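Peer 1: CSV, C-alpha atoms and all ligand atoms, saved as protein29.csv, coming up:
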```csv
chain,number,residue,atom,x,y,z
A,14,MET,CA,20.1,-4.0,-27.1
A,15,GLN,CA,18.7,-5.4,-30.4
A,16,GLY,CA,15.0,-6.0,-30.9
A,17,ARG,CA,13.9,-3.4,-28.4
A,18,GLU,CA,11.8,-0.4,-29.3
A,19,PHE,CA,14.0,2.0,-27.2
A,20,ALA,CA,17.7,2.0,-26.6
A,21,TRP,CA,18.3,0.6,-23.1
A,22,THR,CA,21.7,0.3,-21.4
A,23,ASP,CA,23.1,-0.7,-18.0
A,24,ALA,CA,23.7,3.0,-17.3
A,25,ASP,CA,20.0,3.7,-17.9
A,26,PHE,CA,19.1,0.9,-15.4
A,27,ASP,CA,21.6,2.3,-12.8
A,28,ARG,CA,20.0,5.7,-13.2
A,29,VAL,CA,16.4,4.4,-12.7
A,30,GLN,CA,17.7,2.4,-9.7
A,31,ALA,CA,19.1,5.5,-8.1
A,32,LEU,CA,16.1,7.7,-8.9
A,33,ILE,CA,13.4,5.3,-7.5
A,34,TYR,CA,15.5,4.6,-4.4
A,35,LYS,CA,15.7,8.3,-3.7
A,36,ARG,CA,12.0,9.0,-4.4
A,37,ALA,CA,10.4,5.9,-2.9
A,38,GLY,CA,13.0,3.9,-1.1
A,39,ILE,CA,12.5,1.0,-3.4
A,40,SER,CA,15.7,-1.1,-4.0
A,41,LEU,CA,15.5,-2.6,-7.5
A,42,HIS,CA,18.0,-5.4,-7.7
A,43,ASP,CA,19.8,-6.2,-10.9
A,44,GLY,CA,17.4,-8.9,-12.0
A,45,LYS,CA,14.8,-6.3,-12.7
A,46,HIS,CA,16.1,-5.0,-16.0
A,47,ALA,CA,13.3,-6.5,-18.1
A,48,MET,CA,10.6,-5.4,-15.7
A,49,VAL,CA,11.9,-1.8,-15.6
A,50,TYR,CA,12.2,-1.7,-19.4
A,51,SER,CA,8.7,-2.8,-20.0
A,52,ARG,CA,7.1,-0.7,-17.3
A,53,LEU,CA,8.8,2.5,-18.3
A,54,SER,CA,8.6,2.1,-22.1
A,55,ARG,CA,5.0,3.2,-21.8
A,56,ARG,CA,6.1,6.4,-20.2
A,57,LEU,CA,8.5,7.1,-23.1
A,58,ARG,CA,5.7,6.5,-25.6
A,59,ASP,CA,3.3,8.8,-23.6
A,60,THR,CA,5.8,11.6,-23.2
A,61,GLY,CA,7.2,11.3,-26.8
A,62,HIS,CA,10.8,10.4,-25.9
A,63,GLN,CA,13.0,8.3,-28.2
A,64,SER,CA,15.4,6.9,-25.7
A,65,PHE,CA,15.7,6.2,-21.9
A,66,LYS,CA,18.7,8.5,-21.7
A,67,GLU,CA,16.6,11.4,-23.1
A,68,TYR,CA,13.5,10.5,-21.0
A,69,LEU,CA,15.5,10.3,-17.7
A,70,SER,CA,17.4,13.6,-18.4
A,71,TRP,CA,14.0,15.3,-19.0
A,72,LEU,CA,12.5,13.7,-15.9
A,73,GLU,CA,15.4,14.9,-13.8
A,74,SER,CA,15.1,18.4,-15.1
A,75,THR,CA,11.4,18.7,-14.2
A,76,ASP,CA,9.6,18.8,-10.9
A,77,GLY,CA,6.3,18.0,-12.4
A,78,ALA,CA,3.6,15.4,-12.7
A,79,GLU,CA,5.9,12.9,-14.5
A,80,TRP,CA,7.6,12.0,-11.2
A,81,GLN,CA,4.3,10.6,-10.0
A,82,GLU,CA,3.9,8.6,-13.2
A,83,PHE,CA,7.5,7.3,-12.9
A,84,VAL,CA,6.8,6.1,-9.3
A,85,ASN,CA,3.4,4.7,-10.3
A,86,ALA,CA,5.1,2.7,-13.1
A,87,LEU,CA,7.7,1.2,-10.8
A,88,THR,CA,5.6,0.1,-7.8
A,89,THR,CA,4.4,-3.5,-7.4
A,90,ASN,CA,0.8,-3.5,-6.3
A,91,LEU,CA,-0.2,-7.1,-5.8
A,92,THR,CA,-2.8,-7.5,-3.1
A,93,SER,CA,-6.1,-9.3,-2.3
A,94,PHE,CA,-9.1,-9.3,0.1
A,95,PHE,CA,-8.2,-10.7,3.5
A,96,ARG,CA,-4.6,-11.5,2.5
A,97,GLU,CA,-2.8,-13.1,5.4
A,98,ARG,CA,-6.1,-13.8,7.2
A,99,HIS,CA,-4.7,-14.5,10.6
A,100,HIS,CA,-4.1,-10.7,11.0
A,101,PHE,CA,-7.8,-10.0,10.6
A,102,GLU,CA,-8.6,-12.6,13.3
A,103,ILE,CA,-6.2,-10.9,15.7
A,104,PHE,CA,-7.5,-7.5,14.7
A,105,ALA,CA,-11.1,-8.6,15.3
A,106,GLU,CA,-10.2,-9.8,18.8
A,107,LEU,CA,-8.5,-6.5,19.6
A,108,LEU,CA,-11.6,-4.5,18.5
A,109,LYS,CA,-14.1,-6.8,20.4
A,110,ALA,CA,-12.0,-6.4,23.6
A,111,ARG,CA,-12.7,-2.6,23.6
A,112,PRO,CA,-15.9,-2.0,21.7
A,113,SER,CA,-16.5,1.6,22.7
A,114,HIS,CA,-12.9,2.7,22.2
A,115,PRO,CA,-12.5,5.4,19.4
A,116,TRP,CA,-10.4,3.2,17.1
A,117,ARG,CA,-7.9,5.0,14.8
A,118,VAL,CA,-6.3,2.7,12.2
A,119,TRP,CA,-3.8,3.3,9.4
A,120,CYS,CA,-3.3,1.1,6.4
A,121,SER,CA,0.0,2.4,5.1
A,122,ALA,CA,0.4,0.5,1.8
A,123,ALA,CA,-3.2,0.3,0.7
A,124,SER,CA,-2.6,-0.4,-3.0
A,125,THR,CA,-5.9,-0.9,-4.9
A,126,GLY,CA,-8.0,-1.0,-1.7
A,127,GLU,CA,-8.6,-4.7,-1.0
A,128,GLU,CA,-6.6,-4.4,2.3
A,129,PRO,CA,-8.3,-1.3,3.7
A,130,TYR,CA,-11.8,-2.6,2.8
A,131,SER,CA,-10.9,-5.9,4.5
A,132,ILE,CA,-10.0,-3.9,7.6
A,133,VAL,CA,-13.3,-1.9,7.6
A,134,MET,CA,-15.4,-5.1,7.0
A,135,THR,CA,-13.7,-6.6,10.1
A,136,ALA,CA,-14.3,-3.4,12.1
A,137,LEU,CA,-18.0,-3.4,11.2
A,138,GLU,CA,-18.4,-7.1,12.0
A,139,SER,CA,-16.6,-6.7,15.3
A,140,LEU,CA,-18.0,-3.4,16.5
A,141,GLY,CA,-21.4,-3.1,14.7
A,142,SER,CA,-22.5,-0.3,12.4
A,143,ARG,CA,-22.3,2.4,15.0
A,144,ALA,CA,-18.6,1.7,15.4
A,145,ASN,CA,-16.4,4.6,16.6
A,146,PHE,CA,-13.8,3.7,13.9
A,147,SER,CA,-11.8,5.6,11.3
A,148,LEU,CA,-9.2,4.3,8.8
A,149,SER,CA,-6.6,6.3,7.0
A,150,ALA,CA,-5.6,4.3,3.9
A,151,SER,CA,-2.5,5.6,2.0
A,152,ASP,CA,0.0,4.6,-0.7
A,153,ILE,CA,2.7,6.4,-2.6
A,154,ASP,CA,1.0,5.4,-5.9
A,155,SER,CA,-1.8,7.8,-7.0
A,156,LYS,CA,-3.2,5.4,-9.6
A,157,VAL,CA,-3.9,2.5,-7.2
A,158,LEU,CA,-5.4,4.9,-4.7
A,159,ALA,CA,-7.8,6.1,-7.4
A,160,THR,CA,-8.9,2.5,-7.8
A,161,ALA,CA,-9.2,2.1,-4.1
A,162,SER,CA,-11.4,5.1,-3.6
A,163,ALA,CA,-13.6,4.1,-6.5
A,164,GLY,CA,-14.1,0.7,-4.7
A,165,VAL,CA,-15.1,-1.2,-7.9
A,166,TYR,CA,-13.7,-4.7,-8.4
A,167,ARG,CA,-14.1,-7.7,-10.6
A,168,ALA,CA,-16.3,-10.3,-8.9
A,169,GLU,CA,-13.6,-12.9,-9.3
A,170,SER,CA,-11.2,-10.9,-7.2
A,171,MET,CA,-13.6,-11.5,-4.2
A,172,LYS,CA,-12.2,-15.0,-3.4
A,173,GLY,CA,-11.3,-14.1,0.2
A,174,VAL,CA,-14.7,-12.5,0.9
A,175,SER,CA,-17.4,-14.8,2.3
A,176,PRO,CA,-20.8,-14.9,0.6
A,177,ALA,CA,-22.3,-13.2,3.7
A,178,GLN,CA,-19.7,-10.4,3.5
A,179,ALA,CA,-20.3,-10.1,-0.2
A,180,HIS,CA,-24.0,-9.7,0.5
A,181,GLN,CA,-23.6,-7.2,3.4
A,182,PHE,CA,-20.8,-5.0,2.0
A,183,PHE,CA,-21.0,-5.1,-1.8
A,184,LEU,CA,-23.4,-4.2,-4.6
A,185,ARG,CA,-23.5,-6.4,-7.7
A,186,GLY,CA,-23.2,-4.7,-11.0
A,187,LYS,CA,-26.0,-5.2,-13.5
A,188,GLY,CA,-26.2,-4.9,-17.3
A,189,ALA,CA,-23.0,-3.4,-18.6
A,190,ASN,CA,-21.5,-3.7,-15.1
A,191,SER,CA,-22.3,-7.3,-14.6
A,192,GLY,CA,-19.2,-9.2,-13.4
A,193,MET,CA,-18.3,-6.2,-11.3
A,194,VAL,CA,-18.9,-5.4,-7.6
A,195,ARG,CA,-18.9,-2.1,-5.8
A,196,VAL,CA,-18.1,-1.5,-2.1
A,197,LYS,CA,-21.1,-0.1,-0.3
A,198,PRO,CA,-21.0,3.5,1.0
A,199,GLU,CA,-21.1,2.3,4.6
A,200,LEU,CA,-17.6,1.0,4.1
A,201,THR,CA,-16.2,3.9,2.0
A,202,ARG,CA,-17.4,6.5,4.5
A,203,LEU,CA,-15.1,5.1,7.1
A,204,VAL,CA,-12.0,5.4,5.0
A,205,ASP,CA,-9.9,8.5,4.2
A,206,PHE,CA,-7.6,7.9,1.2
A,207,LEU,CA,-4.4,9.9,0.9
A,208,ILE,CA,-1.0,9.8,-0.7
A,209,VAL,CA,1.8,9.2,1.9
A,210,ASN,CA,5.4,8.3,1.1
A,211,LEU,CA,6.7,6.1,3.8
A,212,ILE,CA,10.2,7.3,3.4
A,213,LYS,CA,9.5,11.0,3.8
A,214,ASN,CA,9.3,13.1,7.0
A,215,ASP,CA,6.1,14.9,6.0
A,216,TRP,CA,3.3,12.6,7.2
A,217,PRO,CA,0.2,14.6,7.8
A,218,PHE,CA,-1.2,12.8,10.9
A,219,LYS,CA,-2.2,14.8,14.0
A,220,GLU,CA,-3.4,12.0,16.3
A,221,GLN,CA,-1.7,8.7,17.1
A,222,PHE,CA,-2.9,5.4,15.7
A,223,ASP,CA,-4.0,2.3,17.7
A,224,VAL,CA,-3.3,-0.1,14.9
A,225,VAL,CA,-1.1,0.2,11.8
A,226,PHE,CA,-1.0,-2.2,8.8
A,227,CYS,CA,2.3,-2.0,7.0
A,228,ARG,CA,2.3,-5.2,5.0
A,229,ASN,CA,4.3,-6.4,2.0
A,230,VAL,CA,6.0,-3.0,1.3
A,231,MET,CA,9.1,-3.1,3.5
A,232,ILE,CA,10.4,-6.1,1.5
A,233,TYR,CA,11.2,-3.5,-1.2
A,234,PHE,CA,13.3,-1.4,1.2
A,235,ASP,CA,16.9,-2.0,2.4
A,236,ALA,CA,17.6,-2.4,6.1
A,237,ALA,CA,18.5,1.3,6.7
A,238,THR,CA,15.3,2.5,5.0
A,239,GLN,CA,13.2,-0.1,6.9
A,240,ARG,CA,14.6,1.2,10.2
A,241,GLY,CA,13.8,4.8,9.3
A,242,VAL,CA,10.2,3.8,8.4
A,243,LEU,CA,9.8,1.9,11.7
A,244,GLU,CA,11.0,4.9,13.7
A,245,ARG,CA,8.4,7.1,12.0
A,246,ILE,CA,5.7,4.5,12.5
A,247,HIS,CA,6.6,4.3,16.1
A,248,ARG,CA,6.2,8.1,16.4
A,249,VAL,CA,2.6,8.0,15.0
A,250,MET,CA,1.4,5.1,17.2
A,251,LYS,CA,0.1,4.9,20.7
A,252,PRO,CA,2.2,2.9,23.2
A,253,GLY,CA,0.8,-0.7,23.2
A,254,GLY,CA,-0.6,-0.2,19.7
A,255,ILE,CA,-0.3,-3.1,17.2
A,256,LEU,CA,1.7,-3.2,14.0
A,257,PHE,CA,0.9,-5.8,11.4
A,258,VAL,CA,3.6,-6.6,8.8
A,259,GLY,CA,3.9,-9.0,5.9
A,260,HIS,CA,4.8,-12.7,6.1
A,261,ALA,CA,8.3,-12.1,4.7
A,262,GLU,CA,9.1,-9.2,6.9
A,263,ASN,CA,10.9,-9.5,10.2
A,264,PHE,CA,11.8,-6.5,12.5
A,265,THR,CA,13.1,-8.4,15.6
A,266,ASP,CA,16.3,-6.3,15.3
A,267,SER,CA,14.2,-3.2,16.2
A,268,ARG,CA,12.9,-4.5,19.5
A,269,ASP,CA,13.6,-1.1,21.1
A,270,LEU,CA,10.6,0.1,19.0
A,271,PHE,CA,8.4,-3.0,18.5
A,272,THR,CA,8.2,-6.3,20.3
A,273,LEU,CA,6.9,-9.5,18.6
A,274,LYS,CA,3.4,-10.4,19.9
A,275,GLY,CA,2.4,-13.1,17.5
A,276,LYS,CA,3.0,-14.2,13.9
A,277,THR,CA,4.1,-11.0,12.1
A,278,ALA,CA,2.2,-8.8,14.7
A,279,TYR,CA,4.2,-6.4,16.8
A,280,GLU,CA,3.4,-4.3,19.8
A,281,ARG,CA,4.6,-0.7,19.9
A,282,VAL,CA,7.1,-0.2,22.8
A,301,LIG,C1,2.8,-5.4,-2.8
A,301,LIG,S1,1.8,-4.1,-2.4
A,301,LIG,C2,1.1,-4.6,-0.9
A,301,LIG,C3,-0.3,-4.1,-0.7
A,301,LIG,C4,-0.9,-4.5,0.6
A,301,LIG,N1,-0.3,-3.9,1.8
A,301,LIG,C5,-0.9,-6.0,0.8
A,301,LIG,O1,-0.2,-6.5,1.7
A,301,LIG,O2,-1.7,-6.7,0.1
A,301,LIG,C6,3.0,-2.8,-2.0
A,301,LIG,C7,2.5,-1.4,-2.0
A,301,LIG,O3,3.4,-0.5,-1.4
A,301,LIG,C8,3.4,0.7,-2.1
A,301,LIG,N2,4.7,1.5,-1.8
A,301,LIG,C9,5.9,1.2,-2.4
A,301,LIG,N3,6.8,2.1,-1.9
A,301,LIG,C10,6.1,3.0,-1.1
A,301,LIG,C11,6.5,4.1,-0.3
A,301,LIG,N4,7.7,4.6,-0.3
A,301,LIG,N5,5.5,4.7,0.5
A,301,LIG,C12,4.2,4.2,0.5
A,301,LIG,N6,3.8,3.2,-0.3
A,301,LIG,C13,4.7,2.5,-1.0
A,301,LIG,C14,3.2,0.3,-3.5
A,301,LIG,O4,2.7,1.4,-4.3
A,301,LIG,C15,2.2,-0.9,-3.4
A,301,LIG,O5,0.9,-0.4,-3.6
```
If you took the structure in this file and wrote it as structure tokens, what would it be?
Peer 2:
Amino acid sequence: MQGREFAWTDADFDRVQALIYKRAGISLHDGKHAMVYSRLSRRLRDTGHQSFKEYLSWLESTDGAEWQEFVNALTTNLTSFFRERHHFEIFAELLKARPSHPWRVWCSAASTGEEPYSIVMTALESLGSRANFSLSASDIDSKVLATASAGVYRAESMKGVSPAQAHQFFLRGKGANSGMVRVKPELTRLVDFLIVNLIKNDWPFKEQFDVVFCRNVMIYFDAATQRGVLERIHRVMKPGGILFVGHAENFTDSRDLFTLKGKTAYERV
């Protein structure tokens, strides 16, 4: 196509579509040409390739670090603190009902960390600072997980966080860091960050979870992939455990695994 830095054809798009589906389960529909071109152009520049055809052939011939970069470039990581707030209200009630229970929670598409830190803030507020609580926070994207574990954010991204929570759980940057906030260690010490690919059968968990957050990621998967992920989540959850999903996600077809309990909250059968 004219005016582009790199040659880009329908065949290149089809190849990217097949590769990201196989690696991450992400179904890229045909309207995503411009997005894919712009996100992957940087990879061509960084790896010194002159065309998509050349880059993709090289990628397919390696088993190295570029695969992670390829996946990182194609994921969509939009998130925010206390997104879909009603889940945190339900979650707080669950925790308060069993304050001495050893809670094990998994945030399975943690992105840049706003969601797992919202979970931990809710746990500390509901259970107190001596909470018997642990959170595994994972994502397929290594870059967003690095941001999540650093726990440093722009102050303006804190819209969902109340002033009292900001005071209790964040440190304000000074001098060169003004305008930034950092999550306090009392939150980060409760979170274990790790890479987990939802579509693979190699999840590292030994114990079962009481609660799983899997929000706003299944929308990128087709129905067969969603069903496979639900079956695997079912296996790593305790019976009666609660699964929170995103507002546009509906799994009522899988009622053999999960039954709807409330707005986008399911109970593990
Ligand atoms: C739109 S964000 C949602 C973040 C957060 N759960 C929320 O609701 O705000 C989707 C996240 O899913 C991750 N993701 C995409 N495919 C994945 C896969 N196969 N395994 C694990 N995470 C995946 C992306 O990297 C991205 O960070």
Peer 1: Ligand LIG 301 (chain A): which residues are within 9 Å, counting all atoms listed in the file? Reply as a PyMOL selection string.
Peer 2: chain A and resi 34+36-39+84-85+87-97+120-129+151-158+208-213+226-234+258-259
Peer 1: Would you work out the distance separating atom CA of A:Gln221 from atom CA of A:Val118, expressed in Å to one decimal?
Peer 2: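 If I compute the distance from atom CA of A:Gln221 to atom CA of A:Val118, I get 9.0 Å.
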Peer 1: Go ahead and compute the interatomic distance for atom CA of A:Asp23 and atom CA of A:Arg58, in Å to one decimal.
Peer 2: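 Between atom CA of A:Asp23 and atom CA of A:Arg58 the gap is 20.3 Å.
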Peer 1: With all atoms listed in the file as the basis for distance, which of A:Leu32, A:Ala24, A:Ile255, A:Ala144 is at the shortest distance from A:His114?
Peer 2: A:Ala144
Peer 1: Tell me, as number ranges by chain, which residues lie within 12 Å of A:Gly186, counting all atoms listed in the file; anything in the same chain fewer than 5 positions away does not count.
Peer 2: A: 165-168, 191-197
Peer 1: Residues near stretch 136-142 of chain A, anyone? I mean within 9 Å using only C-alpha atoms, not counting same-chain ones fewer than 4 positions away, as a PyMOL selection string.
Peer 2: chain A and resi 104-106+108-109+111-113+131-132+146+199-200
Peer 1: Could you save the residues just selected, with C-alpha atoms, as a PDB file, keeping the file's coordinate frame?
Peer 2:
```pdb
ATOM      1  CA  PHE A 104      -7.500  -7.500  14.700  1.00  0.00           C
ATOM      2  CA  ALA A 105     -11.100  -8.600  15.300  1.00  0.00           C
ATOM      3  CA  GLU A 106     -10.200  -9.800  18.800  1.00  0.00           C
ATOM      4  CA  LEU A 108     -11.600  -4.500  18.500  1.00  0.00           C
ATOM      5  CA  LYS A 109     -14.100  -6.800  20.400  1.00  0.00           C
ATOM      6  CA  ARG A 111     -12.700  -2.600  23.600  1.00  0.00           C
ATOM      7  CA  PRO A 112     -15.900  -2.000  21.700  1.00  0.00           C
ATOM      8  CA  SER A 113     -16.500   1.600  22.700  1.00  0.00           C
ATOM      9  CA  SER A 131     -10.900  -5.900   4.500  1.00  0.00           C
ATOM     10  CA  ILE A 132     -10.000  -3.900   7.600  1.00  0.00           C
ATOM     11  CA  PHE A 146     -13.800   3.700  13.900  1.00  0.00           C
ATOM     12  CA  GLU A 199     -21.100   2.300   4.600  1.00  0.00           C
ATOM     13  CA  LEU A 200     -17.600   1.000   4.100  1.00  0.00           C
TER      14      LEU A 200
END
```
Peer 1: Give the answer as one residue: which of A:Ala31, A:Leu203, A:Ala237, A:Leu243 has the shortest atom-to-atom distance to A:Arg143, using only C-alpha atoms?
Peer 2: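 Ranking A:Ala31, A:Leu203, A:Ala237, A:Leu243 by distance to A:Arg143, first place goes to A:Leu203.
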